[in-house]
>>> print(open('coords.tsv').read())   # TSV, C-alpha atoms
chain	number	residue	atom	x	y	z
A	1	VAL	CA	-155.04	79.34	-128.90
A	2	ILE	CA	-154.69	82.86	-127.55
A	3	VAL	CA	-155.84	85.20	-130.27
A	4	ILE	CA	-155.01	88.85	-130.75
A	5	ALA	CA	-158.38	90.14	-129.53
A	6	GLN	CA	-158.09	88.26	-126.22
A	7	TYR	CA	-154.54	89.47	-125.77
A	8	LEU	CA	-155.54	93.08	-126.40
A	9	ASP	CA	-158.52	92.72	-124.04
A	10	SER	CA	-156.18	91.45	-121.28
A	11	LEU	CA	-153.85	94.37	-121.87
A	12	ALA	CA	-156.64	96.97	-121.87
A	13	SER	CA	-158.28	95.41	-118.81
A	14	ALA	CA	-154.96	95.54	-116.90
A	15	LEU	CA	-154.79	99.27	-117.63
A	16	SER	CA	-158.51	99.92	-117.13
A	17	PHE	CA	-157.84	102.33	-114.21
A	18	ASP	CA	-156.85	104.85	-116.91
A	19	ARG	CA	-159.19	104.50	-119.90
A	20	ALA	CA	-157.33	106.89	-122.22
A	21	LEU	CA	-154.03	105.11	-121.55
A	22	ALA	CA	-155.65	101.67	-122.00
A	23	GLN	CA	-157.11	102.67	-125.38
A	24	ALA	CA	-153.87	104.26	-126.60
A	25	VAL	CA	-151.77	101.21	-125.61
A	26	ARG	CA	-154.36	98.86	-127.11
A	27	ASP	CA	-154.29	100.72	-130.46
A	28	GLU	CA	-150.51	100.87	-130.49
A	29	VAL	CA	-150.04	97.18	-129.68
A	30	GLU	CA	-152.76	96.12	-132.12
A	31	ASP	CA	-151.02	98.01	-134.91
A	32	HIS	CA	-147.75	96.28	-133.99
A	33	LEU	CA	-149.26	92.79	-133.88
A	34	ARG	CA	-151.16	93.21	-137.17
A	35	GLU	CA	-147.95	94.39	-138.83
A	36	ALA	CA	-146.08	91.38	-137.42
A	37	ILE	CA	-148.76	88.98	-138.71
A	38	ALA	CA	-148.77	90.59	-142.14
A	39	ALA	CA	-144.97	90.24	-142.28
A	40	ASP	CA	-145.13	86.55	-141.30
A	41	ARG	CA	-145.85	85.35	-144.83
A	42	GLY	CA	-146.64	81.74	-145.60
A	43	VAL	CA	-148.00	80.97	-142.12
A	44	ALA	CA	-151.68	80.24	-141.45
A	45	GLY	CA	-153.71	82.98	-139.65
A	46	VAL	CA	-154.03	81.55	-136.14
A	47	GLN	CA	-150.48	80.24	-136.20
A	48	ALA	CA	-149.16	83.64	-137.27
A	49	GLU	CA	-151.11	85.28	-134.42
A	50	GLY	CA	-149.59	82.80	-131.95
A	51	ARG	CA	-146.09	83.53	-133.22
A	52	ALA	CA	-146.63	87.28	-133.12
A	53	LEU	CA	-147.88	87.06	-129.51
A	54	ALA	CA	-145.01	84.78	-128.47
A	55	ARG	CA	-142.52	87.31	-129.85
A	56	PHE	CA	-144.34	90.21	-128.19
A	57	GLY	CA	-144.27	88.88	-124.61
A	58	GLU	CA	-146.62	88.67	-121.65
A	59	PRO	CA	-149.38	91.35	-121.54
A	60	TYR	CA	-149.14	91.95	-117.79
A	61	ALA	CA	-145.38	92.56	-117.97
A	62	LEU	CA	-145.95	95.30	-120.54
A	63	ALA	CA	-149.00	96.68	-118.72
A	64	ALA	CA	-147.02	96.94	-115.45
A	65	GLU	CA	-144.18	98.92	-117.03
A	66	ILE	CA	-146.52	101.23	-118.93
A	67	ALA	CA	-148.71	101.75	-115.82
A	68	VAL	CA	-145.75	102.70	-113.62
A	69	LEU	CA	-144.50	105.15	-116.27
A	70	SER	CA	-147.96	106.68	-116.51
A	71	LEU	CA	-148.14	107.06	-112.72
A	72	ALA	CA	-144.71	108.68	-112.77
A	73	LYS	CA	-145.92	111.16	-115.39
A	74	GLN	CA	-148.98	112.01	-113.30
A	75	THR	CA	-146.77	112.49	-110.23
A	76	GLN	CA	-144.51	114.78	-112.23
A	77	LYS	CA	-147.57	116.82	-113.27
A	78	THR	CA	-148.68	116.95	-109.62
A	79	SER	CA	-145.38	118.62	-108.70
A	80	VAL	CA	-145.90	121.30	-111.37
A	81	PHE	CA	-149.57	121.85	-110.41
A	82	THR	CA	-148.60	122.16	-106.72
A	83	LEU	CA	-146.08	124.89	-107.54
A	84	LEU	CA	-148.64	126.66	-109.74
A	85	ALA	CA	-151.27	126.50	-106.97
A	86	LEU	CA	-148.74	127.95	-104.51
A	87	LEU	CA	-147.89	130.74	-106.93
A	88	ALA	CA	-151.62	131.48	-107.39
A	89	ALA	CA	-152.10	131.55	-103.60
A	90	LEU	CA	-149.11	133.87	-103.15
A	91	LEU	CA	-150.34	136.28	-105.85
A	92	ALA	CA	-153.87	136.27	-104.41
A	93	MET	CA	-152.46	137.05	-100.94
A	94	LYS	CA	-150.29	139.90	-102.24
A	95	PHE	CA	-153.15	141.42	-104.26
A	96	ARG	CA	-155.50	141.18	-101.30
A	97	VAL	CA	-153.05	142.87	-98.94
A	98	ALA	CA	-152.42	145.60	-101.55
A	99	TRP	CA	-156.18	146.06	-101.93
A	100	TYR	CA	-156.67	146.40	-98.14
A	101	ALA	CA	-153.88	149.02	-98.05
A	102	HIS	CA	-155.41	150.86	-101.01
A	103	MET	CA	-158.86	150.86	-99.38
A	104	GLU	CA	-157.33	151.62	-95.93
A	105	TRP	CA	-159.14	148.66	-94.37
A	106	THR	CA	-157.84	147.04	-91.18
A	107	ILE	CA	-159.10	144.25	-88.96
A	108	SER	CA	-161.23	145.61	-86.10
A	109	GLU	CA	-159.67	145.77	-82.61
A	110	GLU	CA	-162.11	143.11	-81.42
A	111	TRP	CA	-160.75	140.51	-83.92
A	112	LYS	CA	-157.10	141.60	-83.96
A	113	PRO	CA	-155.73	138.90	-81.52
A	114	LEU	CA	-157.45	136.14	-83.51
A	115	GLY	CA	-156.29	137.76	-86.79
A	116	THR	CA	-152.67	137.83	-85.58
A	117	LEU	CA	-152.80	134.16	-84.58
A	118	VAL	CA	-154.39	133.10	-87.88
A	119	LEU	CA	-151.90	135.19	-89.84
A	120	SER	CA	-148.90	133.49	-88.23
A	121	ILE	CA	-150.41	130.01	-88.78
A	122	ASP	CA	-151.16	131.00	-92.37
A	123	ARG	CA	-147.56	132.15	-93.00
A	124	TYR	CA	-145.94	129.07	-91.45
A	125	ALA	CA	-148.31	126.75	-93.32
A	126	PHE	CA	-147.62	128.53	-96.60
A	127	TRP	CA	-143.83	128.32	-96.29
A	128	ILE	CA	-143.98	124.70	-95.11
A	129	SER	CA	-146.04	123.99	-98.23
A	130	VAL	CA	-143.50	125.82	-100.42
A	131	PHE	CA	-140.65	123.86	-98.82
A	132	PHE	CA	-142.19	120.43	-99.42
A	133	ALA	CA	-143.36	121.38	-102.93
A	134	ALA	CA	-139.83	122.56	-103.78
A	135	VAL	CA	-138.29	119.34	-102.41
A	136	PHE	CA	-140.91	117.33	-104.33
A	137	TRP	CA	-140.27	119.16	-107.60
A	138	ALA	CA	-136.47	119.20	-107.22
A	139	SER	CA	-136.33	115.46	-106.44
A	140	ILE	CA	-138.35	114.67	-109.54
A	141	THR	CA	-136.29	116.97	-111.73
A	142	ALA	CA	-132.98	115.68	-110.34
A	143	GLY	CA	-133.12	112.04	-111.35
A	144	TRP	CA	-136.57	110.80	-111.81
A	145	PHE	CA	-136.22	108.39	-114.69
A	146	ALA	CA	-132.91	106.78	-113.81
A	147	SER	CA	-134.80	103.81	-112.49
A	148	GLY	CA	-134.34	100.13	-111.85
A	149	ASN	CA	-137.28	97.76	-111.90
A	150	CYS	CA	-141.01	98.49	-111.63
A	151	MET	CA	-141.20	98.03	-107.84
A	152	ASP	CA	-138.28	100.41	-107.14
A	153	PHE	CA	-139.86	102.95	-109.44
A	154	LEU	CA	-143.22	102.57	-107.74
A	155	LYS	CA	-141.67	102.98	-104.27
A	156	ARG	CA	-140.08	106.23	-105.44
A	157	VAL	CA	-143.41	107.46	-106.81
A	158	GLN	CA	-145.03	106.74	-103.43
A	159	ILE	CA	-142.35	108.73	-101.56
A	160	PHE	CA	-142.89	111.67	-103.91
A	161	LEU	CA	-146.64	111.47	-103.41
A	162	ILE	CA	-146.12	111.64	-99.62
A	163	LEU	CA	-144.10	114.83	-100.15
A	164	ALA	CA	-146.91	116.16	-102.37
A	165	MET	CA	-149.53	115.28	-99.74
A	166	THR	CA	-147.58	117.09	-97.00
A	167	SER	CA	-147.27	120.17	-99.19
A	168	LEU	CA	-150.95	119.96	-100.09
A	169	CYS	CA	-152.09	119.65	-96.44
A	170	ALA	CA	-150.02	122.71	-95.50
A	171	LEU	CA	-151.45	124.59	-98.49
A	172	LEU	CA	-154.99	123.75	-97.37
A	173	VAL	CA	-154.22	125.12	-93.88
A	174	SER	CA	-152.83	128.28	-95.49
A	175	VAL	CA	-155.88	128.72	-97.74
A	176	ALA	CA	-158.19	128.16	-94.76
A	177	GLY	CA	-156.17	130.83	-92.91
A	178	ASP	CA	-156.59	133.23	-95.84
A	179	ALA	CA	-160.34	132.61	-95.92
A	180	THR	CA	-160.58	133.27	-92.17
A	181	LEU	CA	-158.53	136.47	-92.45
A	182	THR	CA	-160.71	137.66	-95.35
A	183	ILE	CA	-163.84	137.09	-93.26
A	184	LEU	CA	-162.32	138.94	-90.26
A	185	GLN	CA	-161.28	141.80	-92.54
A	186	LEU	CA	-164.68	142.14	-94.19
A	187	LEU	CA	-166.86	141.57	-91.08
A	188	PRO	CA	-167.25	145.23	-90.08
A	189	LEU	CA	-167.72	146.44	-93.68
A	190	GLU	CA	-170.91	146.96	-95.59
A	191	TRP	CA	-171.34	145.07	-98.85
A	192	SER	CA	-170.13	146.95	-101.93
A	193	MET	CA	-168.33	146.22	-105.21
A	194	SER	CA	-164.95	146.83	-103.56
A	195	VAL	CA	-165.66	144.02	-101.07
A	196	LEU	CA	-166.00	141.62	-103.99
A	197	VAL	CA	-162.30	141.97	-104.87
A	198	PRO	CA	-160.90	140.11	-101.80
A	199	VAL	CA	-163.85	137.70	-101.92
A	200	ALA	CA	-163.04	136.84	-105.56
A	201	LEU	CA	-159.32	136.45	-104.80
A	202	THR	CA	-159.99	134.16	-101.84
A	203	SER	CA	-162.48	132.16	-103.90
A	204	ALA	CA	-159.87	131.73	-106.65
A	205	GLU	CA	-157.40	130.42	-104.04
A	206	ILE	CA	-159.99	127.95	-102.72
A	207	VAL	CA	-160.82	126.75	-106.26
A	208	CYS	CA	-157.10	126.22	-107.06
A	209	ALA	CA	-156.57	124.26	-103.82
A	210	CYS	CA	-159.69	122.13	-104.42
A	211	ALA	CA	-158.65	121.38	-108.03
A	212	LEU	CA	-155.23	120.30	-106.76
A	213	VAL	CA	-156.80	118.06	-104.11
A	214	MET	CA	-159.03	116.43	-106.77
A	215	TYR	CA	-156.07	115.83	-109.06
A	216	PHE	CA	-153.97	114.44	-106.20
A	217	LEU	CA	-156.76	112.05	-105.14
A	218	ALA	CA	-157.15	110.83	-108.74
A	219	VAL	CA	-153.39	110.12	-108.92
A	220	ALA	CA	-153.34	108.47	-105.49
A	221	ALA	CA	-156.28	106.23	-106.49
A	222	ASN	CA	-154.12	104.78	-109.28
A	223	ILE	CA	-151.44	103.54	-106.86
A	224	ARG	CA	-153.35	100.40	-105.84
A	225	PRO	CA	-154.02	99.02	-109.37
A	226	VAL	CA	-150.50	99.94	-110.48
A	227	ARG	CA	-149.03	98.19	-107.44
A	228	ALA	CA	-151.11	95.08	-108.21
A	229	LEU	CA	-149.70	95.06	-111.75
A	230	ALA	CA	-146.14	95.61	-110.51
A	231	ASP	CA	-146.56	92.71	-108.01
A	232	ARG	CA	-147.81	90.48	-110.80
A	233	ARG	CA	-144.87	91.53	-112.95
A	234	GLN	CA	-142.45	90.69	-110.15
A	235	ARG	CA	-144.00	87.24	-109.74
A	236	LEU	CA	-143.68	86.70	-113.50
A	237	ASP	CA	-140.00	87.67	-113.37
A	238	GLN	CA	-139.40	85.24	-110.51
A	239	THR	CA	-141.00	82.26	-112.29
B	1	MET	CA	-127.10	88.24	-127.38
B	2	GLU	CA	-127.90	88.20	-123.65
B	3	GLY	CA	-131.29	89.81	-122.90
B	4	GLU	CA	-130.06	91.56	-119.74
B	5	MET	CA	-127.11	93.06	-121.62
B	6	LEU	CA	-129.48	94.39	-124.27
B	7	LYS	CA	-131.89	95.85	-121.71
B	8	GLY	CA	-129.04	97.85	-120.18
B	9	HIS	CA	-128.50	99.58	-123.52
B	10	LEU	CA	-132.10	99.66	-124.73
B	11	ASP	CA	-132.40	103.45	-124.69
B	12	LEU	CA	-129.28	103.85	-126.84
B	13	ILE	CA	-130.49	101.12	-129.22
B	14	VAL	CA	-133.93	102.74	-129.61
B	15	LEU	CA	-132.48	106.22	-130.12
B	16	ALA	CA	-130.08	104.86	-132.75
B	17	ALA	CA	-132.91	103.03	-134.55
B	18	LEU	CA	-134.93	106.23	-134.73
B	19	ALA	CA	-132.02	108.42	-135.83
B	20	PRO	CA	-132.54	108.05	-139.62
B	21	ARG	CA	-136.29	108.75	-139.66
B	22	PRO	CA	-139.46	108.73	-137.51
B	23	ALA	CA	-141.03	105.27	-137.13
B	24	HIS	CA	-143.73	103.30	-135.33
B	25	GLY	CA	-142.94	100.57	-132.77
B	26	TYR	CA	-142.90	97.64	-135.18
B	27	ALA	CA	-140.66	99.52	-137.62
B	28	VAL	CA	-138.27	100.33	-134.75
B	29	ILE	CA	-138.00	96.62	-133.89
B	30	GLU	CA	-137.41	95.76	-137.55
B	31	GLU	CA	-134.74	98.45	-137.83
B	32	ILE	CA	-132.98	97.13	-134.71
B	33	ARG	CA	-133.02	93.58	-136.11
B	34	ARG	CA	-131.82	94.69	-139.54
B	35	LYS	CA	-129.03	96.97	-138.34
B	36	SER	CA	-127.77	94.44	-135.78
B	37	GLY	CA	-127.70	91.64	-138.36
B	38	GLN	CA	-130.51	89.84	-136.44
B	39	ALA	CA	-128.27	89.70	-133.33
B	40	PHE	CA	-130.65	91.79	-131.20
B	41	ASP	CA	-133.85	89.83	-130.83
B	42	LEU	CA	-135.67	91.28	-127.82
B	43	PRO	CA	-139.22	90.36	-126.84
B	44	GLU	CA	-141.00	92.91	-129.03
B	45	GLY	CA	-143.17	94.27	-126.20
B	46	THR	CA	-140.11	95.55	-124.31
B	47	ILE	CA	-139.71	98.33	-126.87
B	48	TYR	CA	-142.87	100.16	-125.79
B	49	PRO	CA	-141.93	101.02	-122.18
B	50	ALA	CA	-138.62	102.30	-123.58
B	51	LEU	CA	-140.40	104.43	-126.20
B	52	HIS	CA	-142.83	105.83	-123.60
B	53	ARG	CA	-140.04	106.53	-121.11
B	54	LEU	CA	-137.92	108.31	-123.73
B	55	GLU	CA	-140.94	110.37	-124.71
B	56	GLN	CA	-141.52	111.35	-121.07
B	57	THR	CA	-137.93	112.50	-120.74
B	58	GLY	CA	-138.34	114.64	-123.88
B	59	MET	CA	-135.92	112.64	-126.06
B	60	LEU	CA	-138.72	111.47	-128.35
B	61	SER	CA	-141.94	113.00	-129.56
B	62	SER	CA	-144.91	111.06	-130.90
B	63	ARG	CA	-147.99	111.67	-132.99
B	64	TRP	CA	-150.90	109.55	-134.05
B	65	LEU	CA	-151.52	108.91	-137.75
B	66	ILE	CA	-153.95	106.78	-139.71
B	67	ALA	CA	-151.98	104.04	-141.47
B	68	GLU	CA	-152.81	102.75	-144.97
B	69	SER	CA	-154.52	99.81	-143.27
B	70	GLY	CA	-156.92	102.29	-141.61
B	71	ARG	CA	-155.51	101.55	-138.13
B	72	ARG	CA	-154.37	104.25	-135.74
B	73	ARG	CA	-150.58	104.35	-135.65
B	74	ARG	CA	-148.27	106.08	-133.20
B	75	VAL	CA	-145.11	107.36	-134.83
B	76	TYR	CA	-142.06	108.37	-132.78
B	77	ALA	CA	-139.33	110.82	-133.75
B	78	LEU	CA	-136.11	112.00	-132.12
B	79	THR	CA	-136.28	115.47	-130.63
B	80	ARG	CA	-133.30	117.83	-130.52
B	81	LEU	CA	-132.66	116.67	-126.94
B	82	GLY	CA	-132.82	113.06	-128.16
B	83	ARG	CA	-130.24	113.72	-130.90
B	84	ARG	CA	-127.91	115.34	-128.38
B	85	ALA	CA	-128.38	112.41	-125.95
B	86	LEU	CA	-127.70	109.92	-128.75
B	87	ALA	CA	-124.47	111.69	-129.75
B	88	LYS	CA	-123.33	111.76	-126.13
B	89	ARG	CA	-124.14	108.10	-125.53
B	90	GLN	CA	-122.48	107.08	-128.79
B	91	ALA	CA	-119.27	108.80	-127.67
B	92	VAL	CA	-119.41	107.09	-124.25
B	93	TRP	CA	-120.13	103.74	-125.89
B	94	ARG	CA	-117.19	104.06	-128.34
B	95	GLU	CA	-114.82	104.86	-125.48
B	96	PHE	CA	-116.13	101.94	-123.43
B	97	SER	CA	-115.99	99.59	-126.40
B	98	GLN	CA	-112.38	100.55	-127.22
B	99	ALA	CA	-111.38	100.05	-123.59
B	100	ILE	CA	-112.99	96.59	-123.45
B	101	SER	CA	-111.46	95.63	-126.82
B	102	GLY	CA	-108.04	96.68	-125.55
B	103	LEU	CA	-108.54	94.71	-122.35
B	104	LEU	CA	-109.70	91.59	-124.16
B	105	SER	CA	-106.93	91.65	-126.73
B	106	GLY	CA	-104.45	92.01	-123.86
B	107	ALA	CA	-106.02	88.98	-122.17
B	108	LYS	CA	-105.76	87.01	-125.42
B	109	ARG	CA	-102.06	87.84	-125.78
B	110	GLY	CA	-101.50	86.86	-122.15
B	111	LYS	CA	-103.14	83.49	-122.75
B	112	ASN	CA	-100.97	82.64	-125.74
B	113	PRO	CA	-97.44	83.88	-125.00
B	114	ALA	CA	-95.17	83.85	-128.07
>>> encode(input="coords.tsv", output="structure tokens")
Amino acid sequence: VIVIAQYLDSLASALSFDRALAQAVRDEVEDHLREAIAADRGVAGVQAEGRALARFGEPYALAAEIAVLSLAKQTQKTSVFTLLALLAALLAMKFRVAWYAHMEWTISEEWKPLGTLVLSIDRYAFWISVFFAAVFWASITAGWFASGNCMDFLKRVQIFLILAMTSLCALLVSVAGDATLTILQLLPLEWSMSVLVPVALTSAEIVCACALVMYFLAVAANIRPVRALADRRQRLDQT
Amino acid sequence: MEGEMLKGHLDLIVLAALAPRPAHGYAVIEEIRRKSGQAFDLPEGTIYPALHRLEQTGMLSSRWLIAESGRRRRVYALTRLGRRALAKRQAVWREFSQAISGLLSGAKRGKNPA
């Protein structure tokens, strides 16, 4: 006889790639099943558990749907975080340029050709990143949840994550360009408090980009277990 | 009632079940059974992806409480967006239902000419 504890363990283990989600779903389903058993008056304990589980359905089917929804939510958050990181990078760039103008600093003649090249790469990379991030965000906002089955939903999530990755790669190139330009700008200067301003702004950009990369990798790492669950769900539907 | 037909309208059914008051998953299922005169008997687990999806789209909100039994309980409630969506879907459903009723009664008359 499958008992409630085993059922809940199967459910939590299927969602173990996201511990918080697994615990929340486990608590929610346990509450449901205990309520169902309590309502099934006049039936012996184990029998009532069996009936409650039979009415509830297969744990992997539920786990697959919940997992895909969770991945979709994370992807949605990725789109917002990407836009925020781009906004942070843009503000840092603008402040830095304003600071250079205020301090009347310019890149030395020796480094100017390299500076010009890096600047154009930086600009193109930044706007490419903005373009893909905007497409990513707009596609999600336009019709994200009007979905069919788990596999279709998962395929869509993967396409969006490819858009996010493209935007992220371009952002990394842009941030690397900014860091290079900051170094070229500050090379001829002596260290002072005023030098710390562009250094702090560039560091903030790098931290934002790294945090976004970490978040993206964590989301991307969930694709494989979610796909395995969706495959299992599809096989269950076919049988 | 056919499971596939129910699944197609699950969001509307869940929103309607939550319209009177906030409720946890089991209470939503019970409300659906009661209001449908036991006609809607879905596998109970199917309600949770619908609840989570509706929460993600902002139509529902949820909070965790401690039930009398001492267990953690997640209670869902309609948001303002959810109430608007329910009203809109109810109107679409009524229109659709009237159209189908008209069509079927026409078919019935055609079958049995006077």
>>> residues_around(input="coords.tsv", residues="Leu60 of chain B", least_positions_apart="2", cutoff="9 Å", atoms="only C-alpha atoms", output="PyMOL selection string")
chain B and resi 15+51-58+62+76-82
>>> interface_residues(input="coords.tsv", of="chain B", to="chain A", cutoff="6 Å", atoms="all atoms listed in the file", output="ChimeraX atom specification")
/B:26,43-45,49
>>> residues_around(input="coords.tsv", residues="segment 181-192 of chain A", least_positions_apart="5", cutoff="8 Å", atoms="only C-alpha atoms", output="PyMOL selection string")
chain A and resi 105-108+111+115+118-119+198-199+202
>>> write_last_selection(input="coords.tsv", atoms="C-alpha atoms", output="PDB file, in the frame of the given file")
ATOM      1  CA  TRP A 105    -159.140 148.660 -94.370  1.00  0.00           C
ATOM      2  CA  THR A 106    -157.840 147.040 -91.180  1.00  0.00           C
ATOM      3  CA  ILE A 107    -159.100 144.250 -88.960  1.00  0.00           C
ATOM      4  CA  SER A 108    -161.230 145.610 -86.100  1.00  0.00           C
ATOM      5  CA  TRP A 111    -160.750 140.510 -83.920  1.00  0.00           C
ATOM      6  CA  GLY A 115    -156.290 137.760 -86.790  1.00  0.00           C
ATOM      7  CA  VAL A 118    -154.390 133.100 -87.880  1.00  0.00           C
ATOM      8  CA  LEU A 119    -151.900 135.190 -89.840  1.00  0.00           C
ATOM      9  CA  PRO A 198    -160.900 140.110-101.800  1.00  0.00           C
ATOM     10  CA  VAL A 199    -163.850 137.700-101.920  1.00  0.00           C
ATOM     11  CA  THR A 202    -159.990 134.160-101.840  1.00  0.00           C
TER      12      THR A 202
END
>>> closest_residue(input="coords.tsv", among="A:Gly177, A:Leu217, A:Ser167, A:Phe126", to="Leu114 of chain A", atoms="all atoms listed in the file")
A:Gly177
>>> residues_near_point(input="coords.tsv", point="(-161.2, 137.6, -107.4)", cutoff="12 Å", atoms="all atoms listed in the file", output="VMD selection string")
chain A and resid 88 to 89 91 to 93 95 to 96 99 193 to 207
>>> write_last_selection(input="coords.tsv", atoms="C-alpha atoms", output="compact mmCIF listing (two decimals), in the coordinates of the input")
# COMPACT_ATOMS: atom_id res chain seq x y z
CA ALA A 88 -151.62 131.48 -107.39
CA ALA A 89 -152.10 131.55 -103.60
CA LEU A 91 -150.34 136.28 -105.85
CA ALA A 92 -153.87 136.27 -104.41
CA MET A 93 -152.46 137.05 -100.94
CA PHE A 95 -153.15 141.42 -104.26
CA ARG A 96 -155.50 141.18 -101.30
CA TRP A 99 -156.18 146.06 -101.93
CA MET A 193 -168.33 146.22 -105.21
CA SER A 194 -164.95 146.83 -103.56
CA VAL A 195 -165.66 144.02 -101.07
CA LEU A 196 -166.00 141.62 -103.99
CA VAL A 197 -162.30 141.97 -104.87
CA PRO A 198 -160.90 140.11 -101.80
CA VAL A 199 -163.85 137.70 -101.92
CA ALA A 200 -163.04 136.84 -105.56
CA LEU A 201 -159.32 136.45 -104.80
CA THR A 202 -159.99 134.16 -101.84
CA SER A 203 -162.48 132.16 -103.90
CA ALA A 204 -159.87 131.73 -106.65
CA GLU A 205 -157.40 130.42 -104.04
CA ILE A 206 -159.99 127.95 -102.72
CA VAL A 207 -160.82 126.75 -106.26
>>> atom_distance(input="coords.tsv", atom1="atom CA of Thr239 of chain A", atom2="atom CA of Asn149 of chain A")
15.9 Å
>>> atom_distance(input="coords.tsv", atom1="atom CA of Leu154 of chain A", atom2="atom CA of Arg74 of chain B")
26.2 Å
>>> closest_residue(input="coords.tsv", among="A:Ala48, A:Val175, A:Leu15, A:Met103", to="Val3 of chain A", atoms="all atoms listed in the file")
A:Ala48
>>> axis_aligned_box(input="coords.tsv", around="segment 4-22 of chain A", padding_each_side="5 Å", output="lines of an AutoDock Vina configuration file")
center_x = -156.5
center_y = 97.6
center_z = -122.5
size_x = 15.3
size_y = 28.6
size_z = 26.5
>>> atom_distance(input="coords.tsv", atom1="atom CA of Ala14 of chain A", atom2="atom CA of Arg71 of chain B")
22.1 Å
>>> closest_residue(input="coords.tsv", among="A:Ile162, A:Ala138, A:Ala228, A:Leu168", to="Ala211 of chain A", atoms="all atoms listed in the file")
A:Leu168
>>> residues_near_point(input="coords.tsv", point="(-150.6, 124.0, -107.8)", cutoff="12 Å", atoms="all atoms listed in the file", output="PyMOL selection string")
chain A and resi 76-90+129-130+133-134+137+164-165+167-168+171-172+205-216
>>> build_atoms(input="coords.tsv", residues="segment 216-221 of chain A", atoms="all heavy atoms", output="short mmCIF file (atom, residue, chain, number, x, y, z; two decimals), keeping the file's coordinate frame")
data_model
loop_
_atom_site.label_atom_id
_atom_site.label_comp_id
_atom_site.auth_asym_id
_atom_site.auth_seq_id
_atom_site.Cartn_x
_atom_site.Cartn_y
_atom_site.Cartn_z
N PHE A 216 -154.80 115.29 -107.05
CA PHE A 216 -153.97 114.44 -106.20
C PHE A 216 -154.71 113.14 -105.86
O PHE A 216 -154.13 112.06 -105.91
CB PHE A 216 -153.58 115.20 -104.92
CG PHE A 216 -152.79 114.36 -103.98
CD1 PHE A 216 -151.42 114.21 -104.15
CD2 PHE A 216 -153.40 113.69 -102.94
CE1 PHE A 216 -150.68 113.41 -103.30
CE2 PHE A 216 -152.68 112.88 -102.08
CZ PHE A 216 -151.31 112.74 -102.25
N LEU A 217 -155.99 113.24 -105.51
CA LEU A 217 -156.76 112.05 -105.14
C LEU A 217 -156.87 111.09 -106.33
O LEU A 217 -156.80 109.87 -106.16
CB LEU A 217 -158.16 112.44 -104.64
CG LEU A 217 -158.18 113.15 -103.28
CD1 LEU A 217 -159.60 113.56 -102.91
CD2 LEU A 217 -157.58 112.27 -102.18
N ALA A 218 -157.05 111.68 -107.54
CA ALA A 218 -157.15 110.83 -108.74
C ALA A 218 -155.82 110.08 -108.97
O ALA A 218 -155.84 108.89 -109.30
CB ALA A 218 -157.48 111.69 -109.95
N VAL A 219 -154.70 110.77 -108.75
CA VAL A 219 -153.39 110.12 -108.92
C VAL A 219 -153.20 109.05 -107.84
O VAL A 219 -152.79 107.92 -108.14
CB VAL A 219 -152.25 111.16 -108.88
CG1 VAL A 219 -150.88 110.47 -108.92
CG2 VAL A 219 -152.36 112.14 -110.04
N ALA A 220 -153.53 109.41 -106.60
CA ALA A 220 -153.34 108.47 -105.49
C ALA A 220 -154.21 107.22 -105.67
O ALA A 220 -153.79 106.12 -105.30
CB ALA A 220 -153.67 109.16 -104.16
N ALA A 221 -155.39 107.38 -106.27
CA ALA A 221 -156.28 106.23 -106.49
C ALA A 221 -155.68 105.23 -107.47
O ALA A 221 -156.05 104.05 -107.45
CB ALA A 221 -157.63 106.72 -107.02
#
